[in-house]
Every structure is written in C-alpha cells, then in structure tokens.
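Asks: Before I ask anything, here is the structure I am working with.
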Amino acid sequence: MLKLIHGADFHLDAPFAALSPEKARQRRAEQRQLLSRLADLAEEEGADLVLLSGDLLDGGETYQETVEALSHALGQIKAPVFIAPGNHDPYGPRSAYAGTAWPDNVHIFTSVQPEGVELPELGCVVHGAAFTTPQADRSPLMGFSAPRDGRIHLMTLHGDVAGQGRYGPIRPEDIAESGLTYLALGHIHACSGLQRAGETCWAYPGCPEGRGFDETGEKGVLSVTVEDDHTVSARFVPLAGRRYEIVEADVTGKDSAEEALRAVLPPSPSGDCCRILLTGQRSFGAPDLAALTALAQPSYFSVSVRDNTRPLRDLWQRAGEDSLTGLVLRALKGEKELEDRELAARFALAALEHGEDPCP
C-alpha cells in the first residue's frame, strides 16, 4: 500500500491586490505557513510520497525568503517529494527551481516530455513533466503509455482536463490510455474529488488556500491511498488558515440594513475574508455601505458590503398597470380614507389571487 499527499496551486507570493498593502504582506507571510502544515500533514499521514502539481509559486515577484522557506519545508518531509512546474512557475535556467539548492528528497521535473523516476523500495514509478514556458497548447499526456509491468505508475502534471486553452489541455481519452494508476493534477483551483477515466484515477486537489472570492470555502490537499491491487481512494484534508466566504443578508421585512447585517455576523471573530451581499426588498432608504462595513470589520480579517437590494414597491404605484390589478386599484382610489383604501386594496388583491370576484 502507498500513502501519498497530493497538493497543487499554492501560488506563494501572490499579490493579494484587493487588500491593503499591510494586509497583503500579512497574507503572503501566512501563505508560507502552509508549507509547515504540509510537512506536518505528511508526517501525520505517514506519507510515502508527496506529489506537487505545479504553480507552487505565483510567478510575479517571488521573494528569496519564500523560496528558502519552500526548500526548507520540503526538506523536513521524510519522503520523496516530486514537483511538476506549472504555467505560473515554469522551469527554466533562470527560474527559482534552477537557481536553488534543493534537498536530496526533492525531485523537480524539468522537461515537457514525461520522465519517470523508479522507486524500487515502494514498488512504483513516479512520472512527471514540466511547463518550460507560461503556455503549453499540447497535452503532456499525448502518446504516453506506462508499461504494464505490475508496478504502480503515478504521474504528477499541471494541465487542464478537457480544456481547449493554452495550459496543457488533457483529453480524458489520453488519461484512459495512459496506463497510470493515479494522475495527480494541478491548475484547477477547486477540488475535483476522485475521478476515473478508463482504469486510471485522477484528481485536482484545488488550491490549499483561497486568494479571492472566486476561491471560496474550505481549501486543502488530498490524502491518497493506493492499495497493492491498484485500488485508489482519496480524502480531502483542509489546510487553509483563512477562508473566503460570500454571505447574503436579506433585508426583507427588516427595519434597517443594520438589523439584517447583525443577523448574519458570526458570534465571534472568524478571521476570514468575507463579502456580505445585502439582498431582498427594503422599506428604507439606500444603505450606508461605509458604515455597515465598519460595523462588520471586527468580525473578519477583511470584509466588504455590497448592496443588491431593491426598494419595496408602493402598492398604489401598481394602479397605473394595464391589468385587472391596476383597474381594481384605480377604482379603489376613490375611497375617502387612506387606511380604508389600503385595507380594501389588499382584500381585493387577495381575492384576485384566489380567482374570486373582488367586487361581488
């Protein structure tokens, strides 16, 4: 049996441009803490292998201290570590991968053509390939077929299953014909769960920590088990220190936007990044978003409030409609007391909704 940890898309040193410069620096520092949690997880799970499927570095401005932290953390793992560079961190002579002294247990794939590393003590072969430029319009699996020699054949790649783009498009048919037991993929930032094409299992673990509101919810890595009969199982393991969440606050029936907002705030500070959407029909004026954001700020690391509400439509505005409802309301406008008109109108509309004659 083989136990392995499969991770991808760490995007270390991402800019976090939506945050203030101070909080962006804090988030980049917190990203490096993911590496320690990865090493701890490998120890806890008793991992035989760690497969990292690209985009470990974001590729914009990479800080030397981040590369050193990555090298140190991977060196702490008591198992072989395999890296398949992706489109954000392609391998090249000037890349961080080429310019860094890596621990002996770390193997970095450097070619667009798959290569294999034999691990006789584990009865397996780990294959992999690298992006060497930021784009690759050819499937790295095209024409690849692992030998049927009874060993477990694994592969780590960065690519886009069923994609038509420029980032290693991989056809499901290529996976099915690969002869692999497990294909560890990176590039898609949502966890796919365990998938199958032919006799080959494959998965995306997703990114281990979100960087924006297109990456909400729990994020992490996969703990994968490969049995001696090549049966594969996978378990998602959360790794993120902070989450991105989108929360709706319905103002319908509320006296104020503040009342709706307080109803959705967590009982204690969460430390997450949150976008709160005000929704529903409001019977009050336009909400003060700056004041609401200030109210919510102590509950989150970062928060924004957006207004998706619509004003409650006055009943008598419908009198202008070219409909039976409008006709009834226009007739009722002759009543002398507003309260009587309002009551009569609601009774009439209720009768109309039930198919009854409002004026018997």
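Naming scheme: A, B, ... for chains in displayed order of the structure tokens; residues 1 onward per chain; ligands 1 onward as shown.
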For Ser53 of chain A, work out the shell of residues within 12 Å, counting only C-alpha atoms and skipping chain neighbours fewer than 4 positions away, then give it as a ChimeraX atom specification.

Replies: /A:5-11,57,81-90,108-109,127-131,155-160,183-189,203-207,221-222

Asks: So which residues touch Asp229 of chain A within 10 Å, counting only C-alpha atoms, skipping near sequence neighbours fewer than 2 positions away, as a list in words?

Replies: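 Counting only the stated atoms, we get Met1, Gly150, Arg151, Ile152, Thr181, Val226, Glu227, Thr231 and Val232 of chain A.
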
Asks: Save the residues we just selected, C-alpha atoms, as a short mmCIF file (atom, residue, chain, number, x, y, z; two decimals), in the first residue's frame?

Replies:
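Contents of out.cif, as written:
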data_model
loop_
_atom_site.label_atom_id
_atom_site.label_comp_id
_atom_site.auth_asym_id
_atom_site.auth_seq_id
_atom_site.Cartn_x
_atom_site.Cartn_y
_atom_site.Cartn_z
CA MET A 1 0.00 0.00 0.00
CA GLY A 150 2.77 -4.87 -12.36
CA ARG A 151 4.23 -1.81 -10.67
CA ILE A 152 2.20 1.18 -9.56
CA THR A 181 -2.83 4.08 -11.59
CA VAL A 226 -3.12 3.24 -3.44
CA GLU A 227 -3.65 -0.39 -2.47
CA THR A 231 -7.37 0.42 -5.92
CA VAL A 232 -7.28 4.16 -5.22
#

Asks: Measure the distance from atom CA of Ala79 of chain A to atom CA of Ala234 of chain A in Å and round it to one decimal.

Replies: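 Atom CA of Ala234 of chain A lies 18.6 Å from atom CA of Ala79 of chain A.
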
Asks: Please, what distance in Å, to one decimal, runs between atom CA of Ser192 of chain A and atom CA of Gly163 of chain A?

Replies: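 Interatomic distance, atom CA of Ser192 of chain A to atom CA of Gly163 of chain A: 14.6 Å.
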
Asks: Looking at A:Leu34, A:Leu49, A:Leu332, A:Leu292, which one is nearest to Ala260 of chain A, with distances taken over only C-alpha atoms?

Replies: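 For Ala260 of chain A, the nearest of the candidates is A:Leu292.
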
Asks: Could you work out how far atom CA of Phe301 of chain A lies from atom CA of Leu277 of chain A, giving the answer in Å with one decimal?

Replies: 17.0 Å

Asks: Identify which of the residues A:Cys201, A:Val117, A:Ala249, A:Ala47 lies closest to Ile276 of chain A, counting only C-alpha atoms when measuring atom-to-atom distances.

Replies: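 For Ile276 of chain A, the nearest of the given residues is A:Ala249.
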
Asks: Which residue is closest to Tyr167 of chain A? Choose from A:Glu258, A:Glu199, A:Asp55, A:Glu61 and count only C-alpha atoms.

Replies: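 Closest to Tyr167 of chain A, using only C-alpha atoms: A:Asp55.
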
Asks: Using only C-alpha atoms, which residues sit within 12 Å of Gln26 of chain A once same-chain residues fewer than 4 positions away are excluded, as a list in words?

Replies: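 The contact residues come out as Asp13, Ala14, Pro15, Phe16, Leu19, Ser20, Pro21, Glu22, Glu30, Gln31, Arg32, Gln33, Arg242, Phe301 and Ser302 of chain A.
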
Asks: For each of A:Gln76, A:Thr100, A:Ser95, A:Gln64, take the minimum atom-to-atom distance to Pro134 of chain A, counting only C-alpha atoms, then give the residue where this is smallest.

Replies: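 That would be A:Ser95, the residue with the smallest distance to Pro134 of chain A.
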
Asks: Can you list, as a CSV table (one decimal) with N, CA and C atoms, in the first residue's frame, every protein, DNA or RNA residue that comes within 12 Å of Gln297 of chain A when you count only C-alpha atoms, leaving out same-chain residues fewer than 3 positions away?

Replies:
chain,number,residue,atom,x,y,z
A,261,LEU,N,-27.8,43.0,8.7
A,261,LEU,CA,-26.3,42.6,8.8
A,261,LEU,C,-26.0,42.0,10.1
A,262,ARG,N,-26.5,42.5,11.2
A,262,ARG,CA,-26.2,41.9,12.5
A,262,ARG,C,-26.7,40.4,12.6
A,265,LEU,N,-23.8,38.2,11.1
A,265,LEU,CA,-22.4,38.3,11.6
A,265,LEU,C,-22.1,37.1,12.5
A,266,PRO,N,-20.9,36.5,12.5
A,266,PRO,CA,-20.6,35.4,13.4
A,266,PRO,C,-20.6,35.8,14.8
A,268,SER,N,-18.5,35.2,17.1
A,268,SER,CA,-17.1,35.6,17.5
A,268,SER,C,-16.3,35.8,16.2
A,269,PRO,N,-15.3,36.6,16.3
A,269,PRO,CA,-14.5,36.9,15.1
A,269,PRO,C,-14.0,35.7,14.4
A,270,SER,N,-14.1,35.6,13.1
A,270,SER,CA,-13.8,34.4,12.3
A,270,SER,C,-12.3,34.5,11.7
A,271,GLY,N,-11.9,35.7,11.5
A,271,GLY,CA,-10.5,35.8,10.9
A,271,GLY,C,-10.6,35.5,9.4
A,272,ASP,N,-11.7,35.3,8.8
A,272,ASP,CA,-11.8,35.0,7.3
A,272,ASP,C,-12.0,36.3,6.6
A,273,CYS,N,-12.0,36.2,5.2
A,273,CYS,CA,-12.3,37.3,4.3
A,273,CYS,C,-13.7,37.1,3.8
A,274,CYS,N,-14.5,38.1,4.0
A,274,CYS,CA,-15.9,37.9,3.7
A,274,CYS,C,-16.5,39.1,2.8
A,275,ARG,N,-17.4,38.7,1.9
A,275,ARG,CA,-18.1,39.7,1.1
A,275,ARG,C,-19.6,39.5,1.5
A,276,ILE,N,-20.2,40.5,2.1
A,276,ILE,CA,-21.6,40.4,2.5
A,276,ILE,C,-22.5,41.1,1.5
A,289,LEU,N,-23.1,52.0,3.0
A,289,LEU,CA,-22.2,50.8,2.9
A,289,LEU,C,-21.0,51.0,3.7
A,290,ALA,N,-20.5,52.3,3.8
A,290,ALA,CA,-19.3,52.5,4.6
A,290,ALA,C,-19.5,52.2,6.1
A,291,ALA,N,-20.7,52.7,6.6
A,291,ALA,CA,-21.0,52.4,8.0
A,291,ALA,C,-21.2,51.0,8.2
A,292,LEU,N,-21.8,50.3,7.3
A,292,LEU,CA,-22.1,48.8,7.5
A,292,LEU,C,-20.8,48.0,7.5
A,293,THR,N,-19.9,48.5,6.6
A,293,THR,CA,-18.6,47.8,6.5
A,293,THR,C,-17.8,48.0,7.8
A,294,ALA,N,-17.9,49.2,8.4
A,294,ALA,CA,-17.2,49.5,9.7
A,294,ALA,C,-17.8,48.6,10.8
A,300,TYR,N,-14.1,40.1,10.9
A,300,TYR,CA,-13.4,39.4,9.9
A,300,TYR,C,-12.0,40.0,9.7
A,301,PHE,N,-11.1,39.3,9.0
A,301,PHE,CA,-9.8,39.8,8.6
A,301,PHE,C,-10.0,40.9,7.6
A,302,SER,N,-10.9,40.7,6.7
A,302,SER,CA,-11.2,41.6,5.6
A,302,SER,C,-12.7,41.5,5.3
A,303,VAL,N,-13.4,42.6,5.0
A,303,VAL,CA,-14.8,42.5,4.7
A,303,VAL,C,-15.2,43.6,3.8
A,304,SER,N,-16.2,43.4,2.9
A,304,SER,CA,-16.8,44.4,2.1
A,304,SER,C,-18.3,44.1,2.1
A,305,VAL,N,-19.1,45.2,2.0
A,305,VAL,CA,-20.5,45.0,1.9
A,305,VAL,C,-21.0,45.6,0.6

Asks: Residues near Glu43 of chain A, anyone? I mean within 12 Å using only C-alpha atoms, not counting same-chain ones fewer than 6 positions away, as a ChimeraX atom specification.

Replies: /A:3-5,36-37,49-50,73-74,76-79,223

Asks: Taking 2 positions as the minimum chain separation for residues in the same chain, which residues sit within 7 Å of Gly198 of chain A when counting only C-alpha atoms? Answer as a PyMOL selection string.

Replies: chain A and resi 176+196+200

Asks: Between A:Ala286, A:Val224, A:Ala296, A:Ala331, which is the closest to Leu312 of chain A once you count only C-alpha atoms?

Replies: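 Counting only C-alpha atoms, the residue closest to Leu312 of chain A is A:Ala286.
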
Asks: Go through segment 213-280 of chain A and collect every residue that DSSP, computed from the backbone, puts in alpha helix (DSSP H); the answer should be as a compact mmCIF listing (two decimals) with N, CA, C and O atoms, in the first residue's frame.

Replies:
# COMPACT_ATOMS: atom_id res chain seq x y z
N ALA A 257 -30.94 48.07 7.27
CA ALA A 257 -29.88 47.19 6.76
C ALA A 257 -28.99 46.71 7.90
O ALA A 257 -28.47 45.59 7.88
N GLU A 258 -28.82 47.55 8.91
CA GLU A 258 -28.01 47.16 10.06
C GLU A 258 -28.60 45.94 10.76
O GLU A 258 -27.86 45.03 11.17
N GLU A 259 -29.92 45.91 10.88
CA GLU A 259 -30.57 44.76 11.51
C GLU A 259 -30.30 43.48 10.72
O GLU A 259 -30.00 42.42 11.31
N ALA A 260 -30.39 43.56 9.38
CA ALA A 260 -30.12 42.39 8.54
C ALA A 260 -28.67 41.96 8.64
O ALA A 260 -28.35 40.77 8.67
N LEU A 261 -27.77 42.95 8.70
CA LEU A 261 -26.34 42.64 8.79
C LEU A 261 -26.00 41.95 10.11
O LEU A 261 -25.30 40.94 10.13
N ARG A 262 -26.52 42.48 11.20
CA ARG A 262 -26.20 41.88 12.50
C ARG A 262 -26.69 40.44 12.59
O ARG A 262 -26.09 39.62 13.29
N ALA A 263 -27.74 40.12 11.84
CA ALA A 263 -28.29 38.76 11.89
C ALA A 263 -27.35 37.73 11.28
O ALA A 263 -27.47 36.54 11.57
N VAL A 264 -26.41 38.15 10.42
CA VAL A 264 -25.53 37.18 9.74
C VAL A 264 -24.09 37.25 10.24
O VAL A 264 -23.26 36.42 9.83

Asks: Smallest atom-to-atom distance to Gly143 of chain A: which of A:Ile246, A:Ala162, A:Ala96, A:Ile175, using only C-alpha atoms?

Replies: A:Ile175

Asks: Just list as a ChimeraX atom specification whatever in segment 143-354 of chain A DSSP marks as strand (DSSP E or B).

Replies: /A:152-158,160-161,167,169-170,182-186,195-197,200-203,220-226,232-238,244-250,273-279,281-282,302-307,310-311
